[in-house]
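Participant: You'll find target.cif just under this line, and it carries mmCIF, C-alpha atoms.
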```cif
data_start
loop_
_atom_site.label_atom_id
_atom_site.label_comp_id
_atom_site.auth_asym_id
_atom_site.auth_seq_id
_atom_site.Cartn_x
_atom_site.Cartn_y
_atom_site.Cartn_z
CA MET X 1 106.83 288.58 177.47
CA ASP X 2 107.32 285.39 175.45
CA LEU X 3 110.84 284.37 176.46
CA ALA X 4 110.93 281.50 173.94
CA TYR X 5 110.08 283.88 171.10
CA PHE X 6 112.72 286.36 172.17
CA PHE X 7 115.23 283.52 172.51
CA GLU X 8 114.65 282.58 168.86
CA GLN X 9 115.04 286.17 167.75
CA GLY X 10 118.32 286.58 169.61
CA GLY X 11 120.36 284.45 167.23
CA PRO X 12 122.97 281.71 167.71
CA LEU X 13 124.80 283.40 170.60
CA MET X 14 121.70 282.81 172.73
CA TRP X 15 122.67 279.13 172.83
CA ALA X 16 126.09 280.02 174.20
CA ILE X 17 124.47 282.11 176.94
CA LEU X 18 122.05 279.27 177.73
CA ALA X 19 124.92 276.75 177.89
CA GLY X 20 126.77 279.01 180.33
CA ALA X 21 123.68 279.23 182.53
CA VAL X 22 123.24 275.43 182.60
CA ILE X 23 126.93 274.84 183.41
CA GLY X 24 126.87 277.50 186.13
CA LEU X 25 123.79 276.02 187.80
CA PHE X 26 125.21 272.49 187.63
CA VAL X 27 128.46 273.59 189.29
CA PHE X 28 126.57 275.59 191.93
CA PHE X 29 124.45 272.63 193.06
CA GLU X 30 127.47 270.30 193.00
CA ARG X 31 129.45 272.72 195.18
CA LEU X 32 126.45 273.30 197.44
CA TYR X 33 126.33 269.55 198.09
CA SER X 34 130.10 269.23 198.57
CA LEU X 35 130.32 272.23 200.89
CA GLN X 36 127.84 271.00 203.46
CA ARG X 37 129.19 271.62 206.95
CA GLY X 38 128.81 267.94 207.83
CA ARG X 39 131.09 266.99 204.92
CA VAL X 40 133.76 269.58 205.73
CA VAL X 41 133.73 270.42 209.45
CA PRO X 42 131.30 268.10 211.29
CA ARG X 43 130.91 269.82 214.66
CA GLY X 44 130.13 266.73 216.74
CA PHE X 45 133.06 264.80 215.29
CA VAL X 46 135.51 267.64 215.94
CA ASP X 47 134.37 267.99 219.57
CA ARG X 48 134.77 264.25 220.08
CA ILE X 49 138.33 264.25 218.71
CA ARG X 50 139.27 267.25 220.83
CA ALA X 51 138.00 265.50 223.95
CA MET X 52 139.97 262.34 223.12
CA VAL X 53 143.19 264.27 222.45
CA ALA X 54 142.75 266.22 225.68
CA LYS X 55 142.61 262.89 227.54
CA GLY X 56 145.74 261.63 225.79
CA ARG X 57 143.92 259.09 223.63
CA THR X 58 145.71 260.24 220.48
CA SER X 59 146.00 256.80 218.86
CA GLU X 60 142.24 256.22 219.07
CA ALA X 61 141.61 259.73 217.79
CA GLN X 62 143.87 259.11 214.81
CA LEU X 63 142.03 255.90 213.90
CA LEU X 64 138.69 257.71 214.00
CA CYS X 65 140.04 260.52 211.84
CA GLU X 66 141.36 258.05 209.26
CA GLU X 67 137.89 256.52 208.99
CA ASN X 68 136.22 259.91 208.53
CA GLN X 69 136.10 261.50 205.05
CA SER X 70 135.74 265.15 206.05
CA SER X 71 138.34 267.81 205.28
CA ILE X 72 139.03 268.58 208.94
CA ALA X 73 139.60 264.87 209.63
CA ARG X 74 142.40 264.75 207.05
CA MET X 75 144.03 267.78 208.67
CA MET X 76 143.74 266.18 212.10
CA VAL X 77 145.26 262.94 210.81
CA ALA X 78 148.30 264.92 209.68
CA SER X 79 148.74 266.49 213.11
CA LEU X 80 148.18 263.26 215.02
CA GLN X 81 150.54 261.31 212.76
CA ALA X 82 153.25 263.94 213.20
CA PHE X 83 152.70 263.78 216.97
CA ALA X 84 152.98 259.98 216.92
CA ASP X 85 156.25 260.32 214.98
CA GLY X 86 157.65 262.47 217.78
CA LYS X 87 157.74 265.70 215.75
CA SER X 88 158.02 269.13 217.36
CA ARG X 89 155.15 271.63 217.52
CA ALA X 90 156.53 273.54 214.51
CA GLU X 91 156.71 270.34 212.47
CA ILE X 92 153.18 269.34 213.50
CA LYS X 93 151.87 272.73 212.48
CA GLU X 94 153.73 272.54 209.17
CA ALA X 95 152.18 269.14 208.43
CA VAL X 96 148.71 270.53 209.17
CA GLU X 97 149.27 273.56 206.94
CA GLU X 98 150.44 271.38 204.06
CA VAL X 99 147.31 269.22 204.17
CA GLY X 100 145.19 272.31 204.84
CA GLY X 101 146.42 273.92 201.63
CA ARG X 102 145.23 270.90 199.64
CA GLU X 103 141.86 270.90 201.39
CA VAL X 104 141.34 274.61 200.72
CA ALA X 105 142.11 274.02 197.04
CA HIS X 106 139.54 271.20 197.07
CA LEU X 107 136.91 273.50 198.60
CA ASP X 108 137.60 276.16 195.97
CA LYS X 109 137.40 273.60 193.17
CA ASN X 110 135.18 274.70 190.25
CA VAL X 111 133.82 277.75 192.11
CA GLU X 112 135.60 280.03 189.64
CA ILE X 113 133.58 278.46 186.82
CA ILE X 114 130.50 280.26 188.16
CA GLY X 115 132.44 283.51 188.36
CA THR X 116 133.56 283.01 184.76
CA VAL X 117 129.98 282.45 183.61
CA ALA X 118 128.94 285.63 185.43
CA SER X 119 131.70 287.57 183.67
CA VAL X 120 131.36 286.09 180.18
CA SER X 121 127.55 286.09 179.84
CA PRO X 122 127.12 289.88 179.49
CA LEU X 123 130.08 289.97 177.08
CA LEU X 124 128.39 287.32 174.92
CA GLY X 125 125.22 289.39 175.08
CA LEU X 126 127.10 292.51 174.04
CA LEU X 127 128.77 290.64 171.19
CA GLY X 128 125.38 289.47 169.99
CA THR X 129 124.09 293.03 170.11
CA VAL X 130 127.07 294.37 168.15
CA VAL X 131 126.66 291.67 165.49
CA GLY X 132 122.93 292.42 165.37
CA MET X 133 123.54 296.15 164.95
CA ILE X 134 125.95 295.48 162.09
CA GLN X 135 123.23 293.47 160.38
CA VAL X 136 120.71 296.24 161.06
CA PHE X 137 122.86 298.84 159.34
CA GLN X 138 123.51 296.50 156.42
CA ARG X 139 119.79 296.00 155.91
CA PHE X 140 119.14 299.72 156.29
CA VAL X 141 121.73 300.58 153.63
CA ASP X 142 120.22 298.03 151.26
CA ALA X 143 116.71 299.34 151.93
CA TYR X 144 117.90 302.94 151.42
CA ALA X 145 119.48 302.01 148.09
CA GLN X 146 116.13 300.60 147.00
CA GLY X 147 114.24 303.61 148.30
CA GLN X 148 112.50 301.55 150.97
CA ALA X 149 114.25 302.86 154.08
CA THR X 150 111.57 303.35 156.72
CA PRO X 151 111.81 303.78 160.52
CA ASP X 152 110.27 300.33 160.92
CA VAL X 153 113.26 298.62 159.31
CA PHE X 154 115.65 300.36 161.70
CA ALA X 155 113.56 300.00 164.86
CA GLU X 156 112.82 296.30 164.39
CA GLY X 157 116.50 295.52 163.92
CA ILE X 158 117.54 297.44 167.01
CA TRP X 159 115.20 295.73 169.47
CA THR X 160 116.15 292.34 168.05
CA ALA X 161 119.85 293.13 168.46
CA LEU X 162 119.36 294.14 172.11
CA ILE X 163 117.82 290.79 173.07
CA THR X 164 121.19 289.06 173.57
CA THR X 165 122.39 291.78 175.94
CA ALA X 166 119.20 291.44 178.00
CA TYR X 167 119.57 287.64 178.21
CA GLY X 168 123.27 287.94 179.01
CA LEU X 169 122.46 290.18 181.98
CA MET X 170 119.63 287.87 183.06
CA VAL X 171 122.19 285.07 183.37
CA ALA X 172 125.10 287.14 184.72
CA ILE X 173 123.31 288.78 187.67
CA PRO X 174 122.07 285.55 189.35
CA MET X 175 125.40 283.83 188.62
CA LEU X 176 127.30 286.64 190.31
CA ILE X 177 125.08 286.32 193.39
CA LEU X 178 125.59 282.51 193.49
CA TYR X 179 129.35 282.98 193.06
CA LYS X 180 129.57 285.41 195.98
CA PHE X 181 127.39 283.10 198.08
CA LEU X 182 129.75 280.16 197.53
CA GLN X 183 132.81 282.32 198.19
CA THR X 184 131.36 283.47 201.52
CA ARG X 185 130.45 279.91 202.46
CA ASN X 186 133.95 278.73 201.56
CA ASP X 187 135.59 281.46 203.62
CA ARG X 188 133.54 280.56 206.72
CA LEU X 189 134.36 276.87 206.41
CA ILE X 190 138.06 277.56 205.87
CA VAL X 191 138.21 279.76 208.97
CA GLU X 192 136.49 277.04 211.03
CA MET X 193 138.87 274.40 209.70
CA GLU X 194 141.90 276.50 210.60
CA GLU X 195 140.61 277.21 214.10
CA ASP X 196 139.81 273.55 214.78
CA ALA X 197 143.10 272.31 213.33
CA LEU X 198 145.11 274.82 215.38
CA GLY X 199 143.07 273.81 218.43
CA ILE X 200 144.25 270.22 218.00
CA VAL X 201 147.81 271.43 217.49
CA GLY X 202 147.52 273.36 220.76
CA LEU X 203 146.32 270.27 222.62
CA LEU X 204 149.13 268.20 221.16
CA ASP X 205 151.59 270.91 222.18
CA GLU X 206 150.35 270.62 225.74
CA SER X 207 150.91 266.86 225.54
CA LEU X 208 154.45 267.45 224.28
CA LEU X 209 155.14 269.81 227.18
CA GLU X 210 153.71 267.30 229.64
CA GLN X 211 155.92 264.56 228.21
CA ALA X 212 158.95 266.85 228.43
CA ARG X 213 158.15 267.63 232.09
CA LYS X 214 157.84 263.93 232.89
CA ARG X 215 161.17 263.14 231.24
CA ALA X 216 162.83 266.01 233.09
CA SER X 217 161.32 264.80 236.36
CA GLU X 218 162.49 261.24 235.72
CA ARG X 219 166.01 262.42 234.92
CA ALA X 220 166.07 264.52 238.05
CA GLY X 221 164.91 261.53 240.09
CA ASP X 222 167.58 259.26 238.57
CA GLY X 223 170.24 261.86 239.26
CA GLY X 224 169.12 262.16 242.87
CA SER X 225 169.25 258.40 243.32
CA ASP X 226 172.77 258.13 241.87
CA GLY X 227 174.05 260.90 244.11
CA ALA X 228 172.54 259.53 247.34
CA PRO X 229 174.96 258.07 249.95
CA LYS X 230 175.02 254.27 250.27
#
```
Here is the file; what I need is its structure written in the form of structure tokens.
Facilitator:
Amino acid sequence: MDLAYFFEQGGPLMWAILAGAVIGLFVFFERLYSLQRGRVVPRGFVDRIRAMVAKGRTSEAQLLCEENQSSIARMMVASLQAFADGKSRAEIKEAVEEVGGREVAHLDKNVEIIGTVASVSPLLGLLGTVVGMIQVFQRFVDAYAQGQATPDVFAEGIWTALITTAYGLMVAIPMLILYKFLQTRNDRLIVEMEEDALGIVGLLDESLLEQARKRASERAGDGGSDGAPK
């Protein structure tokens, strides 16, 4: 099959289908680059921050997170900053969720363009076929009026009209697969981000409890000293 020849026969809507395919592929490779695990949830970095927070080195952990450009780092900065400001666990979690919502939106950015291309391409193909069939019937009526209506006139017009539908499906099917692939990848990364962010919140909560116990112990010790006989 000579795809270039068929492309020419398909008419002007073939260019719209081709443009959709180019845009879809460009967005796919851009998202594939942006959604690398190392750019979103770098495993080694997360483990290092968790270890530092567990040891109480929250200030150092915050500085490292501010220097890192990953999505999870920005969520961790929010939790560590809220902790440094003396916020409660609920307020720390709220701060993380607020930043997390922005990061999720960033991960989803432009992915719907591929889904749109997958949906619109077969419709453009169908439109091209309908327009082609209208032209076929017009030519057939003219040929019939001149007494030249033959099966060849009808058959040639039909196969030409169907070309746009075929090309539309050729673009739509791969685009749908790429769209679902990116959605699945996004979902996995979002789940990992949430788990890691909540893990940090849990560690900070333990630190808050430890601080509360120390303060209670100190107050109890001061009270005991004041009540002791002189």
Participant: What is the atom CA of Ala16 of chain X to atom CA of Leu124 of chain X distance in Å?
Facilitator: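 One can read the atom CA of Ala16 of chain X to atom CA of Leu124 of chain X distance as 7.7 Å.
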Participant: Smallest atom-to-atom distance to Thr164 of chain X: which of X:Leu127, X:Val201, X:Val41, X:Ala90, using only C-alpha atoms?
Facilitator: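 The shortest atom-to-atom distance to Thr164 of chain X comes from X:Leu127.
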Participant: Pick the closest to Asp108 of chain X from X:Leu13, X:Leu123, X:Leu18, X:Leu35: which is it, counting all atoms listed in the file?
Facilitator: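 Closest candidate: X:Leu35.
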Participant: Evaluating the PyMOL selection byres ((chain X and resi 117-120) around 6) on the displayed file yields which residues, as a CSV table (one decimal) with C-alpha atoms, keeping the file's coordinate frame?
Facilitator:
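The resulting file, result_37.csv, is shown below:
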```csv
chain,number,residue,atom,x,y,z
X,20,GLY,CA,126.8,279.0,180.3
X,114,ILE,CA,130.5,280.3,188.2
X,115,GLY,CA,132.4,283.5,188.4
X,116,THR,CA,133.6,283.0,184.8
X,121,SER,CA,127.6,286.1,179.8
X,122,PRO,CA,127.1,289.9,179.5
X,123,LEU,CA,130.1,290.0,177.1
X,172,ALA,CA,125.1,287.1,184.7
X,175,MET,CA,125.4,283.8,188.6
X,176,LEU,CA,127.3,286.6,190.3
```
Participant: Rank X:Arg89, X:Arg39, X:Arg219, X:Arg31 by their smallest atom-to-atom distance to Ile113 of chain X, using all atoms listed in the file, and report the top residue only.
Facilitator: X:Arg31
Participant: For a quick check of understanding, using all atoms listed in the file, which of X:Glu112, X:Ser70, X:Ile190, X:Ile49 has the smallest distance to Leu178 of chain X?
Facilitator: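 Closest residue, counting all atoms listed in the file: X:Glu112.
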Participant: Which residues match the PyMOL selection byres ((chain X and resi 194) around 12) in the file above, as a VMD selection string?
Facilitator: chain X and resid 40 to 41 71 to 73 75 to 76 93 96 to 101 103 to 104 187 to 193 195 to 201
Participant: Just so the selection is clear, what residues does the PyMOL selection byres ((chain X and resi 161) around 7) cover here, as a count of residues only?
Facilitator: 12
Participant: Calculated over only C-alpha atoms, which of the candidates X:Asn68, X:Asn110, X:Thr58, X:Ser34 has the smallest distance to Asp85 of chain X?
Facilitator: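 Nearest to Asp85 of chain X: X:Thr58.
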Participant: List the spatial neighbours of Ser59 of chain X as an mmCIF file with C-alpha atoms, keeping the file's coordinate frame - criterion: any atom at most 12 Å away, only C-alpha atoms, same-chain residues fewer than 2 positions off excluded.
Facilitator:
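The file below, part-v3.cif, is the result:
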```cif
data_model
loop_
_atom_site.group_PDB
_atom_site.id
_atom_site.type_symbol
_atom_site.label_atom_id
_atom_site.label_comp_id
_atom_site.auth_asym_id
_atom_site.auth_seq_id
_atom_site.Cartn_x
_atom_site.Cartn_y
_atom_site.Cartn_z
ATOM 1 C CA ILE X 49 138.330 264.250 218.710
ATOM 2 C CA MET X 52 139.970 262.340 223.120
ATOM 3 C CA VAL X 53 143.190 264.270 222.450
ATOM 4 C CA LYS X 55 142.610 262.890 227.540
ATOM 5 C CA GLY X 56 145.740 261.630 225.790
ATOM 6 C CA ARG X 57 143.920 259.090 223.630
ATOM 7 C CA ALA X 61 141.610 259.730 217.790
ATOM 8 C CA GLN X 62 143.870 259.110 214.810
ATOM 9 C CA LEU X 63 142.030 255.900 213.900
ATOM 10 C CA LEU X 64 138.690 257.710 214.000
ATOM 11 C CA CYS X 65 140.040 260.520 211.840
ATOM 12 C CA GLU X 66 141.360 258.050 209.260
ATOM 13 C CA MET X 76 143.740 266.180 212.100
ATOM 14 C CA VAL X 77 145.260 262.940 210.810
ATOM 15 C CA SER X 79 148.740 266.490 213.110
ATOM 16 C CA LEU X 80 148.180 263.260 215.020
ATOM 17 C CA GLN X 81 150.540 261.310 212.760
ATOM 18 C CA ALA X 82 153.250 263.940 213.200
ATOM 19 C CA PHE X 83 152.700 263.780 216.970
ATOM 20 C CA ALA X 84 152.980 259.980 216.920
ATOM 21 C CA ASP X 85 156.250 260.320 214.980
#
```
Participant: Please measure the separation of atom CA of Val136 of chain X and atom CA of Pro12 of chain X, giving the value in Å to one decimal.
Facilitator: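 Straight-line distance from atom CA of Val136 of chain X to atom CA of Pro12 of chain X works out to 16.1 Å.
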Participant: Could you work out how far atom CA of Ala105 of chain X lies from atom CA of Tyr33 of chain X, giving the answer in Å with one decimal?
Facilitator: 16.4 Å
Participant: Go ahead and fit an axis-aligned box to every listed atom of segment 177-196 of chain X plus 4 Å each side, and pass me the centre and edge lengths in Å, one decimal, as JSON.
Facilitator:
```
{"center_x": 133.5, "center_y": 279.9, "center_z": 203.9, "size_x": 24.8, "size_y": 20.8, "size_z": 29.7}
```
